[in-house]
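What follows is my_file09.txt (compact mmCIF, C-alpha atoms).
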# COMPACT_ATOMS: atom_id res chain seq x y z
CA MET X 1366 -31.17 -59.57 1.27
CA PRO X 1367 -29.44 -56.29 2.02
CA MET X 1368 -31.61 -53.26 2.46
CA VAL X 1369 -31.23 -50.42 0.00
CA THR X 1370 -31.20 -47.12 1.74
CA VAL X 1371 -32.60 -44.18 -0.20
CA LYS X 1372 -31.23 -40.89 0.96
CA ASN X 1373 -33.45 -37.87 0.68
CA ASN X 1374 -31.85 -34.73 -0.70
CA PRO X 1375 -33.09 -31.79 1.34
CA GLU X 1376 -32.46 -29.33 -1.52
CA GLN X 1377 -34.54 -31.39 -3.97
CA GLY X 1378 -37.37 -31.64 -1.49
CA LEU X 1379 -37.26 -27.91 -0.92
CA ALA X 1380 -37.38 -27.24 -4.68
CA LYS X 1381 -40.37 -29.56 -5.08
CA ALA X 1382 -42.11 -27.88 -2.21
CA LYS X 1383 -41.55 -24.47 -3.79
CA VAL X 1384 -42.95 -25.68 -7.11
CA PHE X 1385 -46.09 -27.08 -5.53
CA SER X 1386 -46.55 -23.90 -3.55
CA TRP X 1387 -46.69 -21.67 -6.68
CA PRO X 1388 -49.84 -19.53 -6.96
CA ILE X 1389 -52.39 -20.52 -9.62
CA ASP X 1390 -51.59 -17.51 -11.83
CA VAL X 1391 -47.92 -18.54 -11.93
CA TRP X 1392 -48.93 -22.07 -12.92
CA LEU X 1393 -51.18 -20.74 -15.69
CA SER X 1394 -48.52 -18.38 -17.02
CA PHE X 1395 -46.00 -21.23 -17.03
CA ILE X 1396 -48.35 -23.62 -18.85
CA PHE X 1397 -49.73 -21.12 -21.35
CA LYS X 1398 -46.52 -19.16 -21.88
CA ASP X 1399 -46.09 -20.38 -25.45
CA VAL X 1400 -49.76 -19.69 -26.20
CA TYR X 1401 -49.45 -16.12 -24.95
CA MET X 1402 -46.30 -15.54 -26.98
CA ALA X 1403 -47.93 -16.97 -30.12
CA GLU X 1404 -51.01 -14.79 -29.68
CA GLN X 1405 -48.83 -11.74 -29.13
CA SER X 1406 -46.85 -12.53 -32.28
CA VAL X 1407 -50.05 -12.93 -34.31
CA ALA X 1408 -51.41 -9.67 -32.94
CA GLN X 1409 -48.22 -7.82 -33.84
CA ALA X 1410 -48.26 -9.32 -37.34
CA GLY X 1411 -51.90 -8.32 -37.80
CA LEU X 1412 -51.14 -4.77 -36.66
CA GLY X 1413 -48.20 -4.60 -39.08
CA GLN X 1414 -50.40 -5.78 -41.94
CA PHE X 1415 -53.06 -3.21 -41.07
CA ARG X 1416 -50.49 -0.40 -40.99
CA PHE X 1417 -49.07 -1.45 -44.34
CA VAL X 1418 -52.48 -1.74 -46.03
CA PHE X 1419 -53.66 1.60 -44.62
CA GLY X 1420 -50.46 3.43 -45.60
CA PHE X 1421 -50.29 1.83 -49.03
CA ILE X 1422 -53.96 2.52 -49.78
CA ALA X 1423 -53.47 6.20 -48.87
CA LEU X 1424 -50.44 6.31 -51.16
CA ALA X 1425 -52.34 4.67 -54.05
CA LEU X 1426 -55.31 7.03 -53.60
CA CYS X 1427 -53.07 10.09 -53.74
CA ALA X 1428 -51.18 8.74 -56.76
CA GLY X 1429 -54.41 7.94 -58.61
CA LEU X 1430 -55.87 11.33 -57.75
CA GLY X 1431 -53.00 13.16 -59.44
CA ILE X 1432 -53.28 11.01 -62.58
CA GLY X 1433 -57.05 11.45 -62.77
CA ILE X 1434 -56.87 15.22 -62.48
CA ALA X 1435 -54.03 15.41 -65.01
CA LYS X 1436 -55.96 13.34 -67.56
CA ILE X 1437 -59.01 15.61 -67.55
CA VAL X 1438 -57.03 18.87 -67.37
CA THR X 1439 -54.89 17.74 -70.32
CA SER X 1440 -57.99 16.94 -72.38
CA LEU X 1441 -59.55 20.32 -71.58
CA TYR X 1442 -56.28 22.09 -72.34
CA ALA X 1443 -56.06 20.35 -75.73
CA VAL X 1444 -59.57 21.59 -76.53
CA GLN X 1445 -58.60 25.16 -75.61
CA LEU X 1446 -55.55 24.87 -77.86
CA GLN X 1447 -57.97 23.90 -80.67
CA ALA X 1448 -56.42 20.49 -81.27
CA THR X 1449 -57.72 18.52 -84.25
CA GLU X 1450 -59.30 15.07 -83.88
CA PHE X 1451 -56.01 13.47 -84.92
CA GLU X 1452 -54.07 15.53 -82.38
CA MET X 1453 -56.62 14.70 -79.67
CA GLY X 1454 -56.13 11.03 -80.48
CA LEU X 1455 -52.36 11.42 -80.12
CA VAL X 1456 -52.80 13.09 -76.74
CA ALA X 1457 -54.88 10.12 -75.61
CA ALA X 1458 -52.51 7.48 -77.02
CA VAL X 1459 -48.95 8.69 -76.41
CA GLN X 1460 -49.06 8.21 -72.64
CA SER X 1461 -50.03 4.55 -73.09
CA LEU X 1462 -47.20 4.19 -75.60
CA GLY X 1463 -44.72 5.53 -73.06
CA ILE X 1464 -45.95 3.05 -70.46
CA LEU X 1465 -45.80 0.22 -73.00
CA PHE X 1466 -42.23 1.01 -74.06
CA LEU X 1467 -40.76 1.29 -70.56
CA GLY X 1468 -42.75 -1.33 -68.64
CA LEU X 1469 -40.09 -4.03 -69.06
CA PRO X 1470 -36.96 -1.88 -68.52
CA ILE X 1471 -38.44 -0.30 -65.40
CA GLY X 1472 -39.09 -3.75 -63.97
CA ILE X 1473 -35.35 -4.45 -64.15
CA LEU X 1474 -34.49 -1.06 -62.63
CA VAL X 1475 -36.93 -1.64 -59.78
CA GLN X 1476 -35.25 -4.97 -59.09
CA ARG X 1477 -31.80 -3.34 -59.20
CA TYR X 1478 -32.42 -0.14 -57.21
CA GLY X 1479 -35.58 -0.94 -55.26
CA PRO X 1480 -39.17 0.29 -55.69
CA LYS X 1481 -38.87 3.18 -53.24
CA LYS X 1482 -36.11 4.94 -55.15
CA MET X 1483 -37.75 4.39 -58.55
CA PHE X 1484 -41.13 5.63 -57.31
CA VAL X 1485 -39.62 8.84 -55.95
CA ILE X 1486 -37.64 9.47 -59.16
CA GLY X 1487 -40.69 8.86 -61.35
CA SER X 1488 -42.88 11.17 -59.26
CA PHE X 1489 -40.29 13.95 -59.29
CA LEU X 1490 -39.70 13.76 -63.07
CA ALA X 1491 -43.43 13.69 -63.87
CA ALA X 1492 -44.03 16.71 -61.62
CA LEU X 1493 -41.20 18.56 -63.36
CA VAL X 1494 -42.72 17.87 -66.80
CA TYR X 1495 -46.18 19.03 -65.72
CA LEU X 1496 -44.73 22.29 -64.40
CA THR X 1497 -43.41 23.13 -67.88
CA VAL X 1498 -46.65 22.41 -69.79
CA PRO X 1499 -48.12 25.97 -69.57
CA PHE X 1500 -44.83 27.59 -70.65
CA TYR X 1501 -45.36 26.75 -74.36
CA PRO X 1502 -49.09 26.73 -75.20
CA THR X 1503 -48.97 24.63 -78.37
CA VAL X 1504 -50.64 21.30 -79.13
CA TRP X 1505 -47.47 19.49 -80.17
CA TYR X 1506 -45.63 20.57 -77.04
CA LEU X 1507 -48.56 19.21 -75.03
CA ILE X 1508 -48.27 15.92 -76.93
CA LEU X 1509 -44.52 15.80 -76.20
CA CYS X 1510 -45.07 16.46 -72.48
CA THR X 1511 -47.79 13.83 -72.32
CA PHE X 1512 -45.43 11.29 -73.89
CA LEU X 1513 -42.66 12.20 -71.42
CA VAL X 1514 -45.07 11.77 -68.52
CA GLY X 1515 -45.96 8.36 -69.97
CA LEU X 1516 -42.28 7.42 -69.71
CA CYS X 1517 -42.33 8.36 -66.02
CA MET X 1518 -45.52 6.46 -65.15
CA PRO X 1519 -43.98 2.95 -65.15
CA MET X 1520 -41.52 4.06 -62.46
CA ARG X 1521 -44.49 4.73 -60.19
CA PHE X 1522 -46.88 1.99 -61.26
CA VAL X 1523 -44.38 -0.89 -61.47
CA SER X 1524 -42.93 0.10 -58.09
CA LEU X 1525 -46.34 0.12 -56.42
CA ASN X 1526 -47.32 -3.11 -58.15
CA THR X 1527 -44.13 -4.83 -57.02
CA VAL X 1528 -44.53 -3.85 -53.38
CA TYR X 1529 -48.18 -4.88 -53.22
CA MET X 1530 -47.48 -8.22 -54.92
CA GLN X 1531 -44.70 -8.84 -52.40
CA HIS X 1532 -47.14 -8.41 -49.50
CA LEU X 1533 -50.14 -10.18 -51.02
CA LYS X 1534 -49.34 -13.50 -49.34
CA SER X 1535 -49.32 -11.88 -45.89
CA ILE X 1536 -52.35 -9.59 -46.28
CA GLY X 1537 -54.53 -12.19 -48.05
CA ALA X 1538 -55.97 -12.78 -51.51
CA ALA X 1539 -59.22 -11.04 -50.55
CA LYS X 1540 -57.33 -7.74 -50.71
CA ALA X 1541 -55.83 -8.40 -54.15
CA GLY X 1542 -58.07 -5.76 -55.74
CA TRP X 1543 -57.68 -3.09 -53.09
CA PHE X 1544 -54.64 -1.44 -54.67
CA ARG X 1545 -56.26 -1.15 -58.12
CA GLY X 1546 -59.59 -0.18 -56.55
CA THR X 1547 -58.11 2.67 -54.54
CA HIS X 1548 -56.00 3.83 -57.46
CA MET X 1549 -59.05 3.78 -59.75
CA MET X 1550 -61.12 5.61 -57.15
CA GLY X 1551 -58.73 8.54 -57.28
CA PHE X 1552 -58.17 8.24 -61.02
CA PHE X 1553 -61.72 7.63 -62.21
CA LEU X 1554 -64.17 8.95 -59.61
CA VAL X 1555 -62.60 11.72 -57.52
CA GLY X 1556 -59.99 13.13 -59.92
CA PRO X 1557 -62.34 14.19 -62.75
CA LEU X 1558 -64.60 16.03 -60.30
CA LEU X 1559 -61.70 18.06 -58.88
CA ALA X 1560 -60.13 18.73 -62.29
CA VAL X 1561 -62.93 20.99 -63.52
CA SER X 1562 -62.94 22.92 -60.24
CA LEU X 1563 -59.18 23.48 -60.45
CA VAL X 1564 -59.39 24.78 -64.02
CA ASN X 1565 -62.28 27.11 -63.15
CA GLY X 1566 -60.57 28.38 -60.02
CA SER X 1567 -56.91 28.55 -61.02
CA GLY X 1568 -56.83 28.41 -64.81
CA PHE X 1569 -54.74 25.89 -66.71
CA SER X 1570 -51.44 27.28 -65.44
CA GLY X 1571 -52.51 26.99 -61.82
CA ALA X 1572 -54.08 23.58 -62.41
CA TYR X 1573 -50.78 22.18 -63.67
CA TRP X 1574 -49.03 23.54 -60.58
CA TRP X 1575 -51.58 21.67 -58.46
CA ILE X 1576 -50.97 18.52 -60.51
CA ALA X 1577 -47.21 18.80 -59.98
CA GLY X 1578 -47.83 19.12 -56.25
CA LEU X 1579 -50.05 16.03 -56.24
CA PHE X 1580 -47.27 14.08 -57.95
CA LEU X 1581 -44.68 15.25 -55.43
CA LEU X 1582 -46.85 14.57 -52.37
CA PRO X 1583 -46.81 10.75 -52.73
CA ALA X 1584 -43.04 10.90 -53.26
CA LEU X 1585 -42.68 12.52 -49.83
CA PHE X 1586 -44.48 9.85 -47.82
CA ALA X 1587 -43.80 6.86 -50.11
CA PRO X 1588 -40.65 5.89 -48.12
CA LEU X 1589 -42.78 5.75 -44.96
CA ALA X 1590 -45.52 3.69 -46.62
CA PHE X 1591 -42.99 1.26 -48.11
CA ALA X 1592 -41.16 0.94 -44.77
CA LEU X 1593 -44.36 -0.26 -43.05
CA GLY X 1594 -43.90 -3.55 -44.86
CA GLY X 1595 -41.19 -4.59 -42.39
CA SER X 1596 -39.27 -7.73 -43.26
CA ALA X 1597 -41.31 -8.27 -46.44
CA GLN X 1598 -39.82 -5.22 -48.13
CA VAL X 1599 -38.42 -5.65 -51.62
CA GLN X 1600 -34.63 -5.45 -51.30
CA PRO X 1601 -32.57 -3.85 -54.10
CA GLN X 1602 -30.37 -6.26 -56.06
CA LEU X 1603 -27.44 -4.14 -57.20
CA HIS X 1604 -25.84 -7.10 -58.99
CA GLU X 1605 -28.72 -7.11 -61.51
CA VAL X 1606 -27.31 -5.89 -64.83
CA PHE X 1607 -29.34 -3.47 -66.96
CA SER X 1608 -28.89 -4.16 -70.67
CA LEU X 1609 -30.88 -4.90 -73.81
CA SER X 1610 -30.09 -8.61 -73.50
CA VAL X 1611 -31.53 -8.66 -69.97
CA ILE X 1612 -34.67 -6.89 -71.22
CA ALA X 1613 -34.98 -9.44 -74.03
CA ARG X 1614 -34.64 -12.28 -71.52
CA GLN X 1615 -37.65 -10.91 -69.68
CA LEU X 1616 -39.74 -11.48 -72.79
CA THR X 1617 -38.50 -15.07 -72.94
CA LEU X 1618 -40.16 -15.60 -69.56
CA LEU X 1619 -43.46 -15.42 -71.44
CA LYS X 1620 -42.27 -18.21 -73.72
CA HIS X 1621 -41.04 -20.56 -71.02
CA ASP X 1622 -43.62 -19.99 -68.26
CA GLN X 1623 -47.13 -21.07 -69.25
CA THR X 1624 -48.77 -19.54 -66.20
CA LEU X 1625 -47.23 -16.15 -66.88
CA ARG X 1626 -48.03 -16.29 -70.60
CA ARG X 1627 -51.68 -17.23 -70.25
CA THR X 1628 -52.31 -14.85 -67.37
CA SER X 1629 -50.79 -12.04 -69.45
CA LEU X 1630 -53.05 -12.92 -72.39
CA ILE X 1631 -56.14 -12.82 -70.17
CA GLU X 1632 -54.98 -9.48 -68.75
CA LEU X 1633 -54.50 -8.20 -72.31
CA VAL X 1634 -57.96 -9.18 -73.60
CA SER X 1635 -59.75 -7.95 -70.46
CA ASN X 1636 -58.02 -4.57 -70.75
CA ALA X 1637 -58.91 -4.49 -74.45
CA VAL X 1638 -62.61 -4.89 -73.60
CA MET X 1639 -62.38 -2.25 -70.87
CA ALA X 1640 -60.65 0.24 -73.19
CA TYR X 1641 -63.11 -0.40 -76.02
CA TYR X 1642 -66.05 0.10 -73.70
CA GLY X 1643 -64.64 3.26 -72.15
CA PHE X 1644 -63.88 4.84 -75.51
CA PHE X 1645 -66.79 3.75 -77.72
CA ILE X 1646 -69.81 3.20 -75.45
CA ILE X 1647 -70.45 6.95 -75.38
CA VAL X 1648 -70.37 7.09 -79.18
CA ILE X 1649 -72.73 4.10 -79.40
CA ALA X 1650 -75.14 5.55 -76.83
CA ILE X 1651 -75.32 8.93 -78.59
CA LYS X 1652 -75.44 7.80 -82.22
CA ASP X 1653 -77.41 4.55 -81.98
CA PHE X 1654 -79.64 5.18 -78.95
CA GLY X 1655 -80.07 8.96 -79.00
CA PHE X 1656 -78.70 9.52 -75.48
CA SER X 1657 -77.56 12.99 -74.48
CA GLU X 1658 -73.85 13.47 -73.81
CA THR X 1659 -74.40 13.65 -70.05
CA ILE X 1660 -76.46 10.45 -69.89
CA ALA X 1661 -74.07 8.64 -72.22
CA ALA X 1662 -71.13 9.59 -69.99
CA SER X 1663 -73.08 8.21 -67.02
CA LEU X 1664 -72.69 4.73 -68.51
CA VAL X 1665 -68.91 4.99 -68.09
CA THR X 1666 -69.30 6.36 -64.57
CA LEU X 1667 -71.65 3.50 -63.63
CA GLN X 1668 -69.33 0.84 -65.00
CA GLY X 1669 -66.35 2.42 -63.23
CA ALA X 1670 -68.19 2.63 -59.91
CA VAL X 1671 -69.19 -1.05 -60.08
CA PHE X 1672 -65.64 -1.99 -61.08
CA VAL X 1673 -64.14 -0.19 -58.09
CA ALA X 1674 -66.75 -1.57 -55.65
CA ALA X 1675 -66.20 -5.12 -56.91
CA LEU X 1676 -62.42 -4.82 -56.52
CA PHE X 1677 -62.95 -4.22 -52.81
CA SER X 1678 -65.72 -6.77 -52.22
CA THR X 1679 -65.30 -9.85 -54.44
CA GLY X 1680 -61.72 -10.84 -53.60
CA VAL X 1681 -62.87 -12.96 -50.65
CA LEU X 1682 -64.68 -15.25 -53.11
CA LEU X 1683 -61.37 -16.27 -54.70
CA ALA X 1684 -60.29 -18.00 -51.49
CA ARG X 1685 -63.65 -19.76 -51.24
CA TRP X 1686 -64.26 -20.77 -54.85
CA GLY X 1687 -60.75 -21.41 -56.13
CA ILE X 1688 -59.11 -20.30 -59.36
CA LYS X 1689 -61.15 -22.33 -61.85
CA ARG X 1690 -64.59 -21.31 -60.63
CA PHE X 1691 -63.56 -17.68 -60.10
CA TYR X 1692 -62.22 -17.47 -63.65
CA GLN X 1693 -65.32 -19.15 -65.07
CA VAL X 1694 -67.69 -16.75 -63.31
CA GLY X 1695 -65.63 -13.77 -64.47
CA PHE X 1696 -65.59 -14.99 -68.08
CA ALA X 1697 -69.33 -15.74 -67.97
CA LEU X 1698 -70.19 -12.29 -66.60
CA ILE X 1699 -68.20 -10.54 -69.34
CA ALA X 1700 -69.80 -12.75 -72.01
CA ILE X 1701 -73.30 -11.95 -70.69
CA ALA X 1702 -72.47 -8.24 -70.47
CA SER X 1703 -71.10 -8.25 -74.03
CA VAL X 1704 -74.33 -9.80 -75.36
CA ALA X 1705 -76.35 -7.13 -73.57
CA LEU X 1706 -74.14 -4.31 -74.84
CA GLY X 1707 -74.17 -5.73 -78.37
CA THR X 1708 -77.98 -5.98 -78.57
CA PRO X 1709 -79.37 -3.05 -80.60
CA LYS X 1710 -82.39 -0.85 -79.79
CA VAL X 1711 -82.80 -1.92 -76.14
CA PRO X 1712 -81.52 0.95 -73.96
CA ALA X 1713 -82.08 -0.93 -70.70
CA LEU X 1714 -79.52 -3.53 -71.76
CA LEU X 1715 -76.84 -0.84 -71.99
CA TRP X 1716 -77.30 -0.03 -68.31
CA GLY X 1717 -77.50 -3.66 -67.21
CA GLY X 1718 -74.58 -4.65 -69.40
CA SER X 1719 -72.44 -1.85 -67.94
CA VAL X 1720 -73.05 -3.11 -64.40
CA VAL X 1721 -72.30 -6.76 -65.23
CA LEU X 1722 -69.21 -5.80 -67.26
CA GLY X 1723 -67.73 -3.84 -64.36
CA LEU X 1724 -68.26 -6.82 -62.05
CA GLY X 1725 -66.72 -9.35 -64.44
CA LEU X 1726 -63.68 -7.21 -65.26
CA ALA X 1727 -63.00 -6.64 -61.57
CA MET X 1728 -63.06 -10.38 -60.88
CA LEU X 1729 -60.58 -11.05 -63.68
CA HIS X 1730 -58.26 -8.34 -62.38
CA ILE X 1731 -58.29 -9.84 -58.88
CA VAL X 1732 -57.44 -13.38 -59.98
CA ASN X 1733 -54.89 -12.16 -62.54
CA PHE X 1734 -53.13 -10.03 -59.93
CA THR X 1735 -53.03 -13.01 -57.58
CA MET X 1736 -51.55 -15.23 -60.28
CA PHE X 1737 -48.94 -12.60 -61.20
CA ALA X 1738 -47.95 -12.51 -57.52
CA ASN X 1739 -47.63 -16.31 -57.50
CA VAL X 1740 -45.36 -16.25 -60.55
CA GLY X 1741 -43.39 -13.39 -59.02
CA GLU X 1742 -42.53 -15.64 -56.06
CA ARG X 1743 -40.62 -17.85 -58.51
CA LEU X 1744 -39.33 -15.45 -61.17
CA GLY X 1745 -38.94 -12.17 -59.27
CA MET X 1746 -41.64 -9.67 -58.34
CA ALA X 1747 -40.17 -6.70 -60.21
CA LYS X 1748 -39.73 -8.66 -63.45
CA VAL X 1749 -43.29 -10.01 -63.38
CA SER X 1750 -44.64 -6.60 -62.39
CA GLY X 1751 -42.97 -5.07 -65.44
CA LEU X 1752 -44.52 -7.69 -67.71
CA SER X 1753 -47.97 -7.20 -66.18
CA ALA X 1754 -47.62 -3.43 -66.59
CA MET X 1755 -46.93 -4.03 -70.28
CA ALA X 1756 -49.97 -6.29 -70.79
CA GLY X 1757 -52.47 -3.66 -69.62
CA PRO X 1758 -51.49 -0.81 -71.98
CA ALA X 1759 -51.06 -3.28 -74.85
CA GLY X 1760 -54.63 -4.43 -74.33
CA GLY X 1761 -55.80 -0.83 -74.09
CA LEU X 1762 -54.21 0.04 -77.42
CA LEU X 1763 -55.60 -3.14 -78.97
CA GLY X 1764 -59.12 -2.34 -77.83
CA SER X 1765 -59.01 1.31 -78.88
CA ILE X 1766 -57.17 1.08 -82.21
CA VAL X 1767 -57.95 -2.39 -83.58
CA GLY X 1768 -61.44 -2.40 -82.10
CA GLY X 1769 -62.19 0.99 -83.61
CA TRP X 1770 -60.81 -0.05 -87.00
CA LEU X 1771 -62.89 -3.24 -87.12
CA GLY X 1772 -65.92 -1.41 -85.75
CA HIS X 1773 -65.70 1.02 -88.65
CA TYR X 1774 -66.48 -1.87 -91.04
CA TRP X 1775 -68.64 -4.19 -88.92
CA GLY X 1776 -70.34 -1.66 -86.65
CA LEU X 1777 -69.17 -0.45 -83.25
CA GLN X 1778 -71.89 -2.23 -81.29
CA SER X 1779 -71.33 -5.52 -83.12
CA MET X 1780 -67.82 -5.72 -81.66
CA PHE X 1781 -69.33 -6.55 -78.27
CA LEU X 1782 -70.83 -9.72 -79.77
CA ILE X 1783 -67.33 -10.79 -80.85
CA SER X 1784 -66.23 -10.20 -77.26
CA ALA X 1785 -69.12 -12.39 -76.07
CA VAL X 1786 -67.98 -15.30 -78.25
CA LEU X 1787 -64.37 -14.90 -77.07
CA PHE X 1788 -65.16 -14.92 -73.35
CA ALA X 1789 -67.74 -17.70 -73.70
CA GLY X 1790 -64.96 -19.81 -75.19
CA LEU X 1791 -62.67 -18.92 -72.29
CA ILE X 1792 -65.13 -20.52 -69.84
CA GLY X 1793 -64.08 -23.95 -71.13
CA PHE X 1794 -60.46 -22.80 -71.30
CA ALA X 1795 -60.56 -22.33 -67.51
CA GLN X 1796 -60.14 -26.12 -67.12
CA GLN X 1797 -56.71 -25.86 -68.75
CA LEU X 1798 -55.90 -22.87 -66.56
CA THR X 1799 -56.56 -24.99 -63.49
CA GLN X 1800 -54.15 -27.68 -64.72
CA ILE X 1801 -51.43 -25.11 -65.42
CA PHE X 1802 -51.81 -23.44 -62.04
CA THR X 1803 -51.53 -26.69 -60.09
CA ALA X 1804 -47.88 -25.91 -59.28
CA SER X 1805 -48.96 -22.77 -57.42
CA ALA X 1806 -51.76 -24.45 -55.46
CA SER X 1807 -49.80 -24.36 -52.19
CA GLU X 1808 -49.43 -20.62 -52.47
CA ILE X 1809 -53.16 -20.19 -53.05
CA GLU X 1810 -53.79 -22.36 -49.99
CA ILE X 1811 -51.59 -20.04 -47.95
CA TYR X 1812 -53.66 -17.07 -49.13
CA SER X 1813 -56.83 -18.95 -48.19
CA GLU X 1814 -55.52 -19.86 -44.74
CA ILE X 1815 -54.64 -16.25 -44.05
CA GLU X 1816 -58.23 -15.30 -44.78
CA GLY X 1817 -59.43 -17.93 -42.32
CA GLN X 1818 -61.18 -20.07 -44.92

Could you express the structure from this file as structure tokens?
Amino acid sequence: MPMVTVKNNPEQGLAKAKVFSWPIDVWLSFIFKDVYMAEQSVAQAGLGQFRFVFGFIALALCAGLGIGIAKIVTSLYAVQLQATEFEMGLVAAVQSLGILFLGLPIGILVQRYGPKKMFVIGSFLAALVYLTVPFYPTVWYLILCTFLVGLCMPMRFVSLNTVYMQHLKSIGAAKAGWFRGTHMMGFFLVGPLLAVSLVNGSGFSGAYWWIAGLFLLPALFAPLAFALGGSAQVQPQLHEVFSLSVIARQLTLLKHDQTLRRTSLIELVSNAVMAYYGFFIIVIAIKDFGFSETIAASLVTLQGAVFVAALFSTGVLLARWGIKRFYQVGFALIAIASVALGTPKVPALLWGGSVVLGLGLAMLHIVNFTMFANVGERLGMAKVSGLSAMAGPAGGLLGSIVGGWLGHYWGLQSMFLISAVLFAGLIGFAQQLTQIFTASASEIEIYSEIEGQ
């Protein structure tokens, strides 16, 4: 049998010797190279998310601050102009009408030109209108200016909503309420406190100059805040046509998409309850319970503070509980709060009901915002944001106007008992919601995984 001679290659032996002579740190870096790169990528992504959230929250706080100050200053200015009750009601309503009318069209414009451009335009136009308010000190000119500002608001709100929805999957469902919470903090808690100081220190003319400045300030650093989103930025779609037929097709989305339709209805009724509470609880507390004006107003402040705190703290429960349970708890809390608020001659229930109502409404906002973001992944963020911006003001008008009209005949406090029946019925309806949202379950799982659940 012939012998097979195996020739050794000196170069191969030398290469093997070099490999086996590598230091331990080189071996470790070679083995764990992919792990290091993955960790570095995760760290960079986490830093990018933190920068976006921090910049966006600062932008939302500044935007809400300007709106909150403007709301109180406008009310005080209407009183100085000796507006009648009817005129005061118009001042309160026309801004919501402007938002309601332009919510859908602005959604299309945001999709066509991008949220950054629309936000800057809306801020600039609103600031310009506020600068002109003191020039003609009449009630009807104030009403006109308030309506014009209402037409500008969707450019800001829909743009912010669209950007935050776009990033919700990356930052996590637990932060779904942070945008609204920060905005409400400036609008509801900080703004009213500063408004009185501005009027006392600068007069109404100076106060409106400050308001204009607060509307321009977010426009200056909005491009920077939006740019922090990186690759997840909403890109303009210049091919998107703007026409009445396109606007009408947006409404047909409600007809064809069950998730969008039912989420919008829940958003509408929850905003109706919030608007009814904010407008009529003071009247109920003063007339039926004998509260002073200051104490009665404290009920609204308490409910608002709980609402804002819950927006920041309860979002993490959505990833743990799931949609069905989160909805059911939110519905149950509002039903319990409505029973407490609708019970006559027990002042303690007004305070307890206000706390529970703020908690329940915040939970519904968080899950609704998450569901709107899910639908936006399929249908377009700007379009869905425009529809969601329409549902809120529509609910506000429903709660204020229809609720007040029915309360005139049945009693203002009794309307809370109707709300209790409605939301108690929605607890069972949550089972159907779960079935409808099955198609979006993978997206919810992604949100949950991001939160580490």

Could the residues of range 1691-1769 of chain X that have an atom at most 10 Å from range 1656-1663 of chain X be listed as a Markdown table, each with its closest atom pair and the distance in Å to one decimal, counting all atoms listed in the file and ordered by chain and ascending residue number?
| residue | atom | partner | partner_atom | distance |
| --- | --- | --- | --- | --- |
| X:Pro1712 | CA | X:Phe1656 | CA | 9.1 |
| X:Leu1715 | CA | X:Ala1661 | CA | 9.9 |
| X:Trp1716 | CA | X:Ser1663 | CA | 9.3 |

Contacts of Pro1709 in chain X at 9 Å or less, counting only C-alpha atoms, minus same-chain residues fewer than 5 places along, as a ChimeraX atom specification? /X:1653-1654,1714,1778-1779

As an exercise, work out the distance from CA of Val1504 in chain X to CA of Glu1452 in chain X in Å and give it to one decimal place.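 Computing it gives 7.5 Å between the two atoms.
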
note - CA of Gly1472 in chain X and CA of Arg1416 in chain X are separated by 25.9 Å

Using only C-alpha atoms for the distances, tell me which of X:Thr1547, X:Gln1693, X:Ser1753, X:Ser1567 is nearest to Ile1422 in chain X.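 Selected residue with least distance to Ile1422 in chain X: X:Thr1547.
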
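Distances here use all atoms listed in the file; by that measure, the residue among X:Leu1618, X:Ile1432, X:Val1749, X:Met1483 closest to Asn1733 in chain X is X:Val1749.
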
Nearest candidate to Val1681 in chain X (options X:Ile1536, X:Met1530, X:Cys1510, X:Ile1783; using only C-alpha atoms): X:Ile1536

Within 12 Å of (-50.8, 14.1, -84.1), in the coordinates the file gives, what residues turn up when you count only C-alpha atoms, written out as an NGL selection string? :X and (1443 or 1448-1459 or 1504-1509 or 1512)

Could you state the separation of CA of Gly1655 in chain X and CA of Leu1441 in chain X in Å, given to one decimal place?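 Those two atoms sit 24.6 Å apart.
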
For Gly1757 in chain X, list every protein, DNA or RNA residue within 10 Å, evaluated using all atoms listed in the file, and leave out those in the same chain fewer than 6 positions away; present the list as a list in words. Ser1461, Ile1464, Leu1465, Ser1629, Leu1630, Ile1631, Glu1632, Leu1633, Val1634, Ser1635, Asn1636, Ala1637, Ala1640 and Leu1763 of chain X

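Minimum distance to Thr1708 in chain X across X:Gly1468, X:Gly1433, X:Gly1566, X:Gly1776 (counting all atoms listed in the file) occurs at X:Gly1776.
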
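Proximity of X:Val1665, X:Ala1650, X:Leu1493, X:Lys1534 to Lys1710 in chain X, computed with only C-alpha atoms, is greatest for X:Ala1650.
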
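Using all atoms listed in the file for every distance, the candidate list X:Gly1772, X:Pro1519, X:Gly1790, X:Gly1429 yields X:Gly1429 as the residue closest to Gly1556 in chain X.
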
List the neighbours of Gly1487 in chain X out to 9 Å using all atoms listed in the file; skip same-chain residues closer than 5 positions along the sequence, and give me the result as a count of residues only. 10
